[in-house]
Amino acid sequence: MSVISRMAKAISRQKQWVCSAVAALVLPLIMTGCDSKDESQQPTYVVAMEATFPPYEFYKGGEIAGIDVDILKEIGRRKGVNFKLEDMAFDSIITAVQTGKVDLVVSGLTVTQDRQRMVDFTRPYSGARQVLIAPKNAPIYSKEDLAKLRLGVQHGSSGDVFVTENIREPERFTNGALAVSAMNAGKLDAVVLDNAPAENHVAGSPELTIQPTALVEEEYAMAVRKGNTALLNMLNAALIDLEADGTLKAIIDRHMRENKPENAQVADTAFGRLIDDFKTDFIKNDRWKYLAEGFLVTIEIAVAAALVGIALGFLIAVIRSTADLTGRLKVLDWLCRLYLTVVRGTPVVVQLLIIYFVIFGAVDISKVLVAIVAFGLNSGAYVAEIIRSGIMSVDRGQMEAGRSLGLSYGTTMRSVVLPQALKNVLPALGNEFIVLLKETSICGYIALQDLTKGGDIIRSQTYDAFLPLLGVALIYLTMVVLLSHLLKKFELHLKKNER
Ligand code: GLN
């Protein structure tokens, strides 16, 4: 009994601490979740873009910059409105505007008939074409040759649609930069991409070139939700203005001129190259900050989701074991089982997308909060089953002993059964936290800049897959080793208490 009462005391001592930690983590999130729209008197529109598309939208010193961003700034200035940029996966962009998650898409978006059925396009503001990037030493490909090549595209892009319908089934990547990295690593023969980002990629990779013949001509326009004529008219009027006084052309020309990443210097030795890559990947332009900031976001999400998971898991485990042991709480038990079935029966990435696009579809809420809710709900299901197995592993005599001493069911559960159950399942719970921490790496799906996404952004700027991935892996590994170490210490501490 002494172990248990000591644990109960320890838990109640921790309670205050845990409460303040939860408040410190969650309150700012709720507040950032609620701020946004009326920061000033001007109306604010949320814009979706996929920011690895230079020179239209790309990260520069931690901020999104580019042609589209400058056009929006100019429209905002002239029309007295604000635009809030949301970086997200390109294949989610049309869904985002359809579901009202964002107000408009400005992302080097090609006007296509299929898309015209889903959204309303403004007048075009820029021409473009799909081109073929290939190694310098490759022959000039004919259309017949292309059907035999390993072709890479950006998933959901007009290039993807063109290749799929006219050439062959391509290999699809989340953005063009990743496809180019894959070609640099010898995994593809050619990449089909829009001409302007293609030029940027080729300038960054000395052994690549753009083949002379374009595959198809296109036009870029902005897109709004079907029927949002007020916004559409405002944008069209602004675009006409920008075109008429030459501002549009000036913005595009300036960015096209600057559309060259820093010249890649190639060192002679492999070691020299590694050092150069290290400098380009992490030191230049303070790129290490993408990892540092991503690391903090990952920690924030993992810790807060673990707390949500524990609270939820505890509650469910107690409800389910009470129903098992006493036959009460039948309806709650049924609801809990339904929740467990749904959560454990669907992939967490699907849950994250549903929570982001459907449940919080129309609300302007912080993505970090969305991720905490999604991972917390998911983890809760696993924690619940772990704790329930712990409760079931405690000898039934413990409950009977507690009751016969005159303690109520609740008190016996809380002070006798649960502490012992927890101690038994500590290794399994630790394991669940480790899984949770690593699972948060899918946050990039909703374009949240966690650690993994931080590495992706670096890769999209430097075209080096090796070091950014290695760096990201090392940081996760360090976190997991530390966490395992702490859990081991805690377990030992509890064991000592037993003697
Ligand atoms: N222009 C292409 C499309 O609309 C790619 C755009 C992008 O990747 N941002 O599909």
# chains A, B, ... in the order shown; residues from 1 in each chain; ligands from 1
$ closest_atom_pairs --of "range 201-316 of chain A" --to "range 421-429 of chain A" --cutoff "12 Å" --atoms "only C-alpha atoms" --output "Markdown table"
| residue | atom | partner | partner_atom | distance |
| --- | --- | --- | --- | --- |
| A:Ala306 | CA | A:Leu429 | CA | 10.1 |
| A:Gly309 | CA | A:Leu429 | CA | 10.6 |
| A:Ile310 | CA | A:Leu429 | CA | 9.2 |
| A:Gly313 | CA | A:Leu429 | CA | 10.6 |
| A:Phe314 | CA | A:Leu422 | CA | 10.0 |
$ residues_around --residues "Lys249 in chain A" --least-positions-apart "6" --cutoff "9 Å" --atoms "only C-alpha atoms" --output "MDAnalysis selection string"
chainID A and resid 126 242:243
$ residues_near_ligand --ligand "ligand 1" --cutoff "7 Å" --atoms "only C-alpha atoms and all ligand atoms" --output "number ranges by chain"
A: 49-50, 53, 90, 107-111, 154, 156-159, 175, 194, 220
$ write_last_selection --atoms "N, CA, C and O atoms" --output "compact mmCIF listing (two decimals), in the first residue's frame"
# COMPACT_ATOMS: atom_id res chain seq x y z
N MET A 49 -1.25 28.35 -51.32
CA MET A 49 -0.19 28.19 -52.32
C MET A 49 0.75 27.08 -51.88
O MET A 49 0.77 26.71 -50.73
N GLU A 50 1.48 26.56 -52.85
CA GLU A 50 2.46 25.53 -52.51
C GLU A 50 3.81 26.16 -52.75
O GLU A 50 4.18 26.42 -53.89
N PHE A 53 7.70 26.59 -55.53
CA PHE A 53 7.46 26.82 -56.95
C PHE A 53 8.11 28.13 -57.38
O PHE A 53 7.42 29.09 -57.73
N PHE A 90 0.26 20.74 -52.86
CA PHE A 90 -0.40 21.21 -54.07
C PHE A 90 -1.67 20.41 -54.38
O PHE A 90 -2.67 20.98 -54.83
N SER A 107 -1.16 30.16 -57.03
CA SER A 107 -0.06 29.21 -56.86
C SER A 107 0.48 28.76 -58.21
O SER A 107 0.68 27.58 -58.44
N GLY A 108 0.68 29.71 -59.11
CA GLY A 108 1.10 29.33 -60.46
C GLY A 108 0.13 28.31 -61.02
O GLY A 108 0.52 27.36 -61.68
N LEU A 109 -1.15 28.53 -60.76
CA LEU A 109 -2.17 27.53 -61.05
C LEU A 109 -2.62 27.62 -62.52
O LEU A 109 -3.10 28.67 -62.96
N THR A 110 -2.44 26.51 -63.22
CA THR A 110 -2.81 26.48 -64.63
C THR A 110 -4.33 26.36 -64.79
O THR A 110 -4.97 25.59 -64.06
N VAL A 111 -4.88 27.12 -65.74
CA VAL A 111 -6.31 27.02 -66.02
C VAL A 111 -6.52 25.73 -66.83
O VAL A 111 -5.92 25.55 -67.88
N GLN A 154 4.94 16.52 -60.62
CA GLN A 154 4.39 16.93 -59.34
C GLN A 154 2.95 16.42 -59.26
O GLN A 154 2.14 16.67 -60.16
N GLY A 156 -0.75 15.90 -58.99
CA GLY A 156 -1.92 16.78 -59.10
C GLY A 156 -1.69 18.00 -59.97
O GLY A 156 -2.61 18.81 -60.13
N SER A 157 -0.51 18.14 -60.54
CA SER A 157 -0.24 19.33 -61.36
C SER A 157 -0.77 19.11 -62.77
O SER A 157 -1.09 17.99 -63.17
N SER A 158 -0.81 20.21 -63.54
CA SER A 158 -1.26 20.07 -64.92
C SER A 158 -0.27 19.21 -65.70
O SER A 158 -0.65 18.51 -66.63
N GLY A 159 1.02 19.26 -65.32
CA GLY A 159 2.01 18.41 -65.96
C GLY A 159 1.68 16.93 -65.72
O GLY A 159 1.78 16.10 -66.63
N ASN A 175 6.28 17.72 -54.81
CA ASN A 175 6.57 18.95 -55.54
C ASN A 175 7.65 18.69 -56.57
O ASN A 175 8.31 17.64 -56.55
N ASP A 194 6.63 22.95 -65.04
CA ASP A 194 6.41 24.28 -65.61
C ASP A 194 7.77 24.94 -65.90
O ASP A 194 8.73 24.75 -65.15
N TYR A 220 -1.61 30.83 -66.33
CA TYR A 220 -1.87 30.82 -64.89
C TYR A 220 -2.96 31.84 -64.56
O TYR A 220 -2.99 32.94 -65.11
$ residues_around --residues "Leu231 in chain A" --least-positions-apart "4" --cutoff "10 Å" --atoms "only C-alpha atoms" --output "PyMOL selection string"
chain A and resi 45+103-104+122+223-225+227+235-237
$ closest_residue --among "A:Lys438, A:Arg123, A:Arg414, A:Arg459" --to "Met234 in chain A" --atoms "only C-alpha atoms"
A:Arg123
$ closest_residue --among "A:Ser321, A:Ser393, A:Gln420, A:Gln116" --to "Cys336 in chain A" --atoms "only C-alpha atoms"
A:Ser321
$ closest_residue --among "A:Leu296, A:Ala134, A:Ala230, A:Met222" --to "Leu188 in chain A" --atoms "only C-alpha atoms"
A:Ala134
$ closest_atom_pairs --of "range 323-376 of chain A" --to "range 383-389 of chain A" --cutoff "12 Å" --atoms "only C-alpha atoms" --output "JSON lines"
{"residue": "A:Ala323", "atom": "CA", "partner": "A:Arg388", "partner_atom": "CA", "distance": 11.4}
{"residue": "A:Asp324", "atom": "CA", "partner": "A:Arg388", "partner_atom": "CA", "distance": 10.2}
{"residue": "A:Leu325", "atom": "CA", "partner": "A:Arg388", "partner_atom": "CA", "distance": 11.5}
{"residue": "A:Cys336", "atom": "CA", "partner": "A:Ala384", "partner_atom": "CA", "distance": 9.5}
{"residue": "A:Arg337", "atom": "CA", "partner": "A:Glu385", "partner_atom": "CA", "distance": 10.3}
{"residue": "A:Tyr339", "atom": "CA", "partner": "A:Ala384", "partner_atom": "CA", "distance": 10.7}
{"residue": "A:Leu340", "atom": "CA", "partner": "A:Ala384", "partner_atom": "CA", "distance": 8.5}
{"residue": "A:Thr341", "atom": "CA", "partner": "A:Glu385", "partner_atom": "CA", "distance": 11.3}
{"residue": "A:Val343", "atom": "CA", "partner": "A:Ala384", "partner_atom": "CA", "distance": 11.6}
{"residue": "A:Arg344", "atom": "CA", "partner": "A:Glu385", "partner_atom": "CA", "distance": 10.5}
{"residue": "A:Phe375", "atom": "CA", "partner": "A:Val383", "partner_atom": "CA", "distance": 11.8}
{"residue": "A:Gly376", "atom": "CA", "partner": "A:Val383", "partner_atom": "CA", "distance": 10.0}
$ closest_residue --among "A:Leu312, A:Ala51, A:Leu291, A:Leu72" --to "Thr247 in chain A" --atoms "only C-alpha atoms"
A:Leu72
$ atom_distance --atom1 "CA of Val46 in chain A" --atom2 "CA of Glu293 in chain A"
22.8 Å
$ closest_atom_pairs --of "range 168-189 of chain A" --to "range 208-211 of chain A" --cutoff "12 Å" --atoms "only C-alpha atoms" --output "tab-separated table"
residue	atom	partner	partner_atom	distance
A:Val180	CA	A:Leu208	CA	9.2
A:Ser181	CA	A:Leu208	CA	11.0
A:Met183	CA	A:Leu208	CA	9.2
A:Asn184	CA	A:Leu208	CA	8.3
A:Ala185	CA	A:Leu208	CA	11.9
A:Gly186	CA	A:Leu208	CA	11.8
A:Asp189	CA	A:Leu208	CA	10.9
$ write_last_selection --atoms "N, CA, C and O atoms" --output "mmCIF file, in the first residue's frame"
data_model
loop_
_atom_site.group_PDB
_atom_site.id
_atom_site.type_symbol
_atom_site.label_atom_id
_atom_site.label_comp_id
_atom_site.auth_asym_id
_atom_site.auth_seq_id
_atom_site.Cartn_x
_atom_site.Cartn_y
_atom_site.Cartn_z
ATOM 1 N N VAL A 180 13.008 16.554 -59.053
ATOM 2 C CA VAL A 180 14.345 16.860 -59.565
ATOM 3 C C VAL A 180 15.418 16.175 -58.706
ATOM 4 O O VAL A 180 16.383 15.610 -59.233
ATOM 5 N N SER A 181 15.218 16.164 -57.371
ATOM 6 C CA SER A 181 16.185 15.442 -56.515
ATOM 7 C C SER A 181 16.229 13.978 -56.908
ATOM 8 O O SER A 181 17.291 13.364 -56.936
ATOM 9 N N MET A 183 15.678 12.696 -59.779
ATOM 10 C CA MET A 183 16.412 12.530 -61.028
ATOM 11 C C MET A 183 17.914 12.680 -60.768
ATOM 12 O O MET A 183 18.720 11.910 -61.293
ATOM 13 N N ASN A 184 18.283 13.619 -59.899
ATOM 14 C CA ASN A 184 19.697 13.771 -59.538
ATOM 15 C C ASN A 184 20.250 12.492 -58.934
ATOM 16 O O ASN A 184 21.418 12.178 -59.072
ATOM 17 N N ALA A 185 19.377 11.748 -58.239
ATOM 18 C CA ALA A 185 19.822 10.502 -57.607
ATOM 19 C C ALA A 185 19.725 9.327 -58.580
ATOM 20 O O ALA A 185 19.883 8.175 -58.175
ATOM 21 N N GLY A 186 19.427 9.594 -59.850
ATOM 22 C CA GLY A 186 19.400 8.530 -60.861
ATOM 23 C C GLY A 186 18.127 7.699 -60.865
ATOM 24 O O GLY A 186 18.079 6.626 -61.450
ATOM 25 N N ASP A 189 14.419 9.378 -65.501
ATOM 26 C CA ASP A 189 15.123 9.804 -66.720
ATOM 27 C C ASP A 189 14.829 11.261 -67.033
ATOM 28 O O ASP A 189 15.659 11.963 -67.608
#
$ closest_residue --among "A:Glu169, A:Gln98, A:Gly66, A:Val81" --to "Val358 in chain A" --atoms "only C-alpha atoms"
A:Gln98
$ residues_around --residues "Thr412 in chain A" --least-positions-apart "3" --cutoff "8 Å" --atoms "only C-alpha atoms" --output "ChimeraX atom specification"
/A:399,402-403,407-409,415-417
$ write_last_selection --atoms "N, CA, C and O atoms" --output "mmCIF file, in the first residue's frame"
data_model
loop_
_atom_site.group_PDB
_atom_site.id
_atom_site.type_symbol
_atom_site.label_atom_id
_atom_site.label_comp_id
_atom_site.auth_asym_id
_atom_site.auth_seq_id
_atom_site.Cartn_x
_atom_site.Cartn_y
_atom_site.Cartn_z
ATOM 1 N N MET A 399 -9.242 -4.982 -5.825
ATOM 2 C CA MET A 399 -10.503 -4.219 -5.806
ATOM 3 C C MET A 399 -11.353 -4.691 -4.620
ATOM 4 O O MET A 399 -11.865 -3.877 -3.846
ATOM 5 N N GLY A 402 -9.964 -3.415 -1.346
ATOM 6 C CA GLY A 402 -10.275 -1.994 -1.173
ATOM 7 C C GLY A 402 -11.721 -1.812 -0.732
ATOM 8 O O GLY A 402 -12.009 -1.086 0.227
ATOM 9 N N ARG A 403 -12.615 -2.505 -1.444
ATOM 10 C CA ARG A 403 -14.041 -2.349 -1.128
ATOM 11 C C ARG A 403 -14.338 -2.829 0.288
ATOM 12 O O ARG A 403 -15.105 -2.219 1.021
ATOM 13 N N LEU A 407 -13.714 1.413 1.199
ATOM 14 C CA LEU A 407 -13.493 2.452 0.176
ATOM 15 C C LEU A 407 -14.554 2.310 -0.913
ATOM 16 O O LEU A 407 -14.999 1.191 -1.201
ATOM 17 N N SER A 408 -14.898 3.450 -1.526
ATOM 18 C CA SER A 408 -15.898 3.371 -2.600
ATOM 19 C C SER A 408 -15.231 2.779 -3.843
ATOM 20 O O SER A 408 -13.994 2.672 -3.910
ATOM 21 N N TYR A 409 -16.052 2.456 -4.855
ATOM 22 C CA TYR A 409 -15.496 1.897 -6.094
ATOM 23 C C TYR A 409 -14.512 2.894 -6.706
ATOM 24 O O TYR A 409 -13.385 2.547 -7.064
ATOM 25 N N SER A 415 -7.066 5.008 -6.194
ATOM 26 C CA SER A 415 -5.879 4.954 -5.342
ATOM 27 C C SER A 415 -5.278 3.557 -5.239
ATOM 28 O O SER A 415 -4.170 3.415 -4.749
ATOM 29 N N VAL A 416 -5.998 2.530 -5.642
ATOM 30 C CA VAL A 416 -5.430 1.186 -5.513
ATOM 31 C C VAL A 416 -5.136 0.561 -6.877
ATOM 32 O O VAL A 416 -4.012 0.157 -7.155
ATOM 33 N N VAL A 417 -6.158 0.531 -7.719
ATOM 34 C CA VAL A 417 -5.992 -0.213 -8.978
ATOM 35 C C VAL A 417 -5.157 0.562 -10.001
ATOM 36 O O VAL A 417 -4.168 0.044 -10.512
#
$ atom_distance --atom1 "CA of Ile355 in chain A" --atom2 "CA of Leu307 in chain A"
18.7 Å
$ select_by_dssp --residues "range 29-215 of chain A" --states "alpha helix (DSSP H)" --output "PyMOL selection string"
chain A and resi 29-34+67-79+93-98+113-118+143-146+158-166+176-184+195-204
$ write_last_selection --atoms "C-alpha atoms" --output "mmCIF file, in the first residue's frame"
data_model
loop_
_atom_site.group_PDB
_atom_site.id
_atom_site.type_symbol
_atom_site.label_atom_id
_atom_site.label_comp_id
_atom_site.auth_asym_id
_atom_site.auth_seq_id
_atom_site.Cartn_x
_atom_site.Cartn_y
_atom_site.Cartn_z
ATOM 1 C CA LEU A 29 -2.762 28.011 -29.476
ATOM 2 C CA ILE A 30 -6.402 28.674 -28.886
ATOM 3 C CA MET A 31 -5.634 32.340 -28.946
ATOM 4 C CA THR A 32 -3.660 32.172 -32.203
ATOM 5 C CA GLY A 33 -6.455 29.999 -33.538
ATOM 6 C CA CYS A 34 -8.931 32.760 -32.890
ATOM 7 C CA ILE A 67 5.753 36.707 -58.272
ATOM 8 C CA ASP A 68 2.415 35.605 -56.821
ATOM 9 C CA VAL A 69 3.262 37.110 -53.435
ATOM 10 C CA ASP A 70 4.231 40.454 -54.983
ATOM 11 C CA ILE A 71 1.091 40.524 -57.134
ATOM 12 C CA LEU A 72 -1.010 39.900 -54.023
ATOM 13 C CA LYS A 73 0.812 42.638 -52.097
ATOM 14 C CA GLU A 74 0.095 45.064 -54.909
ATOM 15 C CA ILE A 75 -3.585 44.058 -55.076
ATOM 16 C CA GLY A 76 -3.826 44.370 -51.291
ATOM 17 C CA ARG A 77 -2.318 47.831 -51.388
ATOM 18 C CA ARG A 78 -4.616 49.051 -54.150
ATOM 19 C CA LYS A 79 -7.823 47.465 -52.905
ATOM 20 C CA ILE A 93 -5.145 23.267 -52.974
ATOM 21 C CA ILE A 94 -8.328 22.942 -55.042
ATOM 22 C CA THR A 95 -10.078 21.052 -52.215
ATOM 23 C CA ALA A 96 -9.061 23.820 -49.830
ATOM 24 C CA VAL A 97 -10.806 26.518 -51.846
ATOM 25 C CA GLN A 98 -13.835 24.316 -52.603
ATOM 26 C CA GLN A 113 -11.145 22.450 -68.063
ATOM 27 C CA ASP A 114 -11.294 19.953 -65.227
ATOM 28 C CA ARG A 115 -10.460 22.622 -62.686
ATOM 29 C CA GLN A 116 -12.955 25.036 -64.237
ATOM 30 C CA ARG A 117 -15.686 22.649 -63.176
ATOM 31 C CA MET A 118 -14.554 22.902 -59.531
ATOM 32 C CA LYS A 143 7.339 11.903 -78.000
ATOM 33 C CA GLU A 144 7.762 8.181 -78.772
ATOM 34 C CA ASP A 145 10.930 8.028 -76.655
ATOM 35 C CA LEU A 146 9.099 9.607 -73.723
ATOM 36 C CA SER A 158 -1.263 20.071 -64.920
ATOM 37 C CA GLY A 159 2.013 18.408 -65.958
ATOM 38 C CA ASP A 160 0.883 15.251 -64.143
ATOM 39 C CA VAL A 161 -2.452 15.314 -65.978
ATOM 40 C CA PHE A 162 -0.776 15.927 -69.334
ATOM 41 C CA VAL A 163 1.744 13.107 -68.964
ATOM 42 C CA THR A 164 -0.841 10.664 -67.609
ATOM 43 C CA GLU A 165 -3.288 11.361 -70.431
ATOM 44 C CA ASN A 166 -0.846 11.706 -73.326
ATOM 45 C CA GLY A 176 8.745 19.476 -58.584
ATOM 46 C CA ALA A 177 11.876 19.987 -56.484
ATOM 47 C CA LEU A 178 11.578 16.476 -55.037
ATOM 48 C CA ALA A 179 11.167 15.027 -58.532
ATOM 49 C CA VAL A 180 14.345 16.860 -59.565
ATOM 50 C CA SER A 181 16.185 15.442 -56.515
ATOM 51 C CA ALA A 182 14.999 11.968 -57.551
ATOM 52 C CA MET A 183 16.412 12.530 -61.028
ATOM 53 C CA ASN A 184 19.697 13.771 -59.538
ATOM 54 C CA ASN A 195 9.140 26.262 -67.425
ATOM 55 C CA ALA A 196 9.915 28.907 -64.786
ATOM 56 C CA PRO A 197 10.551 26.570 -61.832
ATOM 57 C CA ALA A 198 12.294 24.229 -64.280
ATOM 58 C CA GLU A 199 14.769 27.009 -65.119
ATOM 59 C CA ASN A 200 15.370 27.597 -61.435
ATOM 60 C CA HIS A 201 15.974 23.888 -60.786
ATOM 61 C CA VAL A 202 18.348 23.576 -63.721
ATOM 62 C CA ALA A 203 20.324 26.601 -62.569
ATOM 63 C CA GLY A 204 20.755 24.824 -59.219
#
$ closest_residue --among "A:Ala304, A:Leu405, A:Leu418, A:Ala128" --to "Gly390 in chain A" --atoms "only C-alpha atoms"
A:Leu418
$ residues_around --residues "range 482-484 of chain A" --least-positions-apart "2" --cutoff "10 Å" --atoms "only C-alpha atoms" --output "PDB file with N, CA, C and O atoms, in the first residue's frame"
ATOM      1  N   PRO A 427       6.125   0.576 -19.760  1.00  0.00           N
ATOM      2  CA  PRO A 427       6.905   0.375 -20.996  1.00  0.00           C
ATOM      3  C   PRO A 427       6.030   0.509 -22.245  1.00  0.00           C
ATOM      4  O   PRO A 427       6.441   1.148 -23.220  1.00  0.00           O
ATOM      5  N   GLY A 430       5.336   4.154 -22.845  1.00  0.00           N
ATOM      6  CA  GLY A 430       6.530   4.807 -23.382  1.00  0.00           C
ATOM      7  C   GLY A 430       6.633   4.566 -24.871  1.00  0.00           C
ATOM      8  O   GLY A 430       6.898   5.473 -25.660  1.00  0.00           O
ATOM      9  N   ASN A 431       6.386   3.327 -25.247  1.00  0.00           N
ATOM     10  CA  ASN A 431       6.433   2.961 -26.653  1.00  0.00           C
ATOM     11  C   ASN A 431       5.435   3.784 -27.468  1.00  0.00           C
ATOM     12  O   ASN A 431       5.734   4.275 -28.544  1.00  0.00           O
ATOM     13  N   PHE A 433       4.354   6.754 -26.809  1.00  0.00           N
ATOM     14  CA  PHE A 433       4.816   8.135 -26.982  1.00  0.00           C
ATOM     15  C   PHE A 433       5.857   8.232 -28.079  1.00  0.00           C
ATOM     16  O   PHE A 433       5.897   9.197 -28.837  1.00  0.00           O
ATOM     17  N   ILE A 434       6.711   7.199 -28.147  1.00  0.00           N
ATOM     18  CA  ILE A 434       7.743   7.210 -29.189  1.00  0.00           C
ATOM     19  C   ILE A 434       7.083   7.152 -30.564  1.00  0.00           C
ATOM     20  O   ILE A 434       7.424   7.905 -31.478  1.00  0.00           O
ATOM     21  N   LEU A 437       5.481  10.554 -31.323  1.00  0.00           N
ATOM     22  CA  LEU A 437       6.469  11.572 -31.690  1.00  0.00           C
ATOM     23  C   LEU A 437       6.845  11.438 -33.166  1.00  0.00           C
ATOM     24  O   LEU A 437       6.885  12.414 -33.913  1.00  0.00           O
ATOM     25  N   TYR A 476      15.380  13.269 -34.844  1.00  0.00           N
ATOM     26  CA  TYR A 476      14.351  12.364 -34.299  1.00  0.00           C
ATOM     27  C   TYR A 476      15.003  11.305 -33.405  1.00  0.00           C
ATOM     28  O   TYR A 476      14.513  11.011 -32.317  1.00  0.00           O
ATOM     29  N   LEU A 477      16.102  10.737 -33.922  1.00  0.00           N
ATOM     30  CA  LEU A 477      16.765   9.667 -33.180  1.00  0.00           C
ATOM     31  C   LEU A 477      17.187  10.165 -31.797  1.00  0.00           C
ATOM     32  O   LEU A 477      16.952   9.504 -30.780  1.00  0.00           O
ATOM     33  N   THR A 478      17.777  11.365 -31.753  1.00  0.00           N
ATOM     34  CA  THR A 478      18.202  11.912 -30.472  1.00  0.00           C
ATOM     35  C   THR A 478      17.012  12.079 -29.535  1.00  0.00           C
ATOM     36  O   THR A 478      17.087  11.734 -28.350  1.00  0.00           O
ATOM     37  N   MET A 479      15.902  12.576 -30.077  1.00  0.00           N
ATOM     38  CA  MET A 479      14.727  12.768 -29.214  1.00  0.00           C
ATOM     39  C   MET A 479      14.258  11.433 -28.649  1.00  0.00           C
ATOM     40  O   MET A 479      13.934  11.310 -27.467  1.00  0.00           O
ATOM     41  N   VAL A 480      14.211  10.408 -29.529  1.00  0.00           N
ATOM     42  CA  VAL A 480      13.697   9.114 -29.088  1.00  0.00           C
ATOM     43  C   VAL A 480      14.638   8.485 -28.061  1.00  0.00           C
ATOM     44  O   VAL A 480      14.185   7.954 -27.037  1.00  0.00           O
ATOM     45  N   LEU A 486      14.727   8.670 -20.345  1.00  0.00           N
ATOM     46  CA  LEU A 486      13.919   9.236 -19.259  1.00  0.00           C
ATOM     47  C   LEU A 486      12.906   8.218 -18.741  1.00  0.00           C
ATOM     48  O   LEU A 486      12.715   8.065 -17.532  1.00  0.00           O
ATOM     49  N   LEU A 487      12.282   7.502 -19.680  1.00  0.00           N
ATOM     50  CA  LEU A 487      11.279   6.517 -19.278  1.00  0.00           C
ATOM     51  C   LEU A 487      11.923   5.406 -18.458  1.00  0.00           C
ATOM     52  O   LEU A 487      11.366   4.944 -17.465  1.00  0.00           O
ATOM     53  N   LYS A 488      13.104   4.991 -18.880  1.00  0.00           N
ATOM     54  CA  LYS A 488      13.816   3.935 -18.156  1.00  0.00           C
ATOM     55  C   LYS A 488      14.085   4.395 -16.729  1.00  0.00           C
ATOM     56  O   LYS A 488      13.867   3.670 -15.760  1.00  0.00           O
ATOM     57  N   LYS A 489      14.541   5.648 -16.607  1.00  0.00           N
ATOM     58  CA  LYS A 489      14.845   6.191 -15.276  1.00  0.00           C
ATOM     59  C   LYS A 489      13.599   6.194 -14.395  1.00  0.00           C
ATOM     60  O   LYS A 489      13.638   5.817 -13.226  1.00  0.00           O
ATOM     61  N   PHE A 490      12.479   6.613 -15.005  1.00  0.00           N
ATOM     62  CA  PHE A 490      11.220   6.698 -14.276  1.00  0.00           C
ATOM     63  C   PHE A 490      10.793   5.312 -13.800  1.00  0.00           C
ATOM     64  O   PHE A 490      10.381   5.129 -12.653  1.00  0.00           O
TER      65      PHE A 490
END
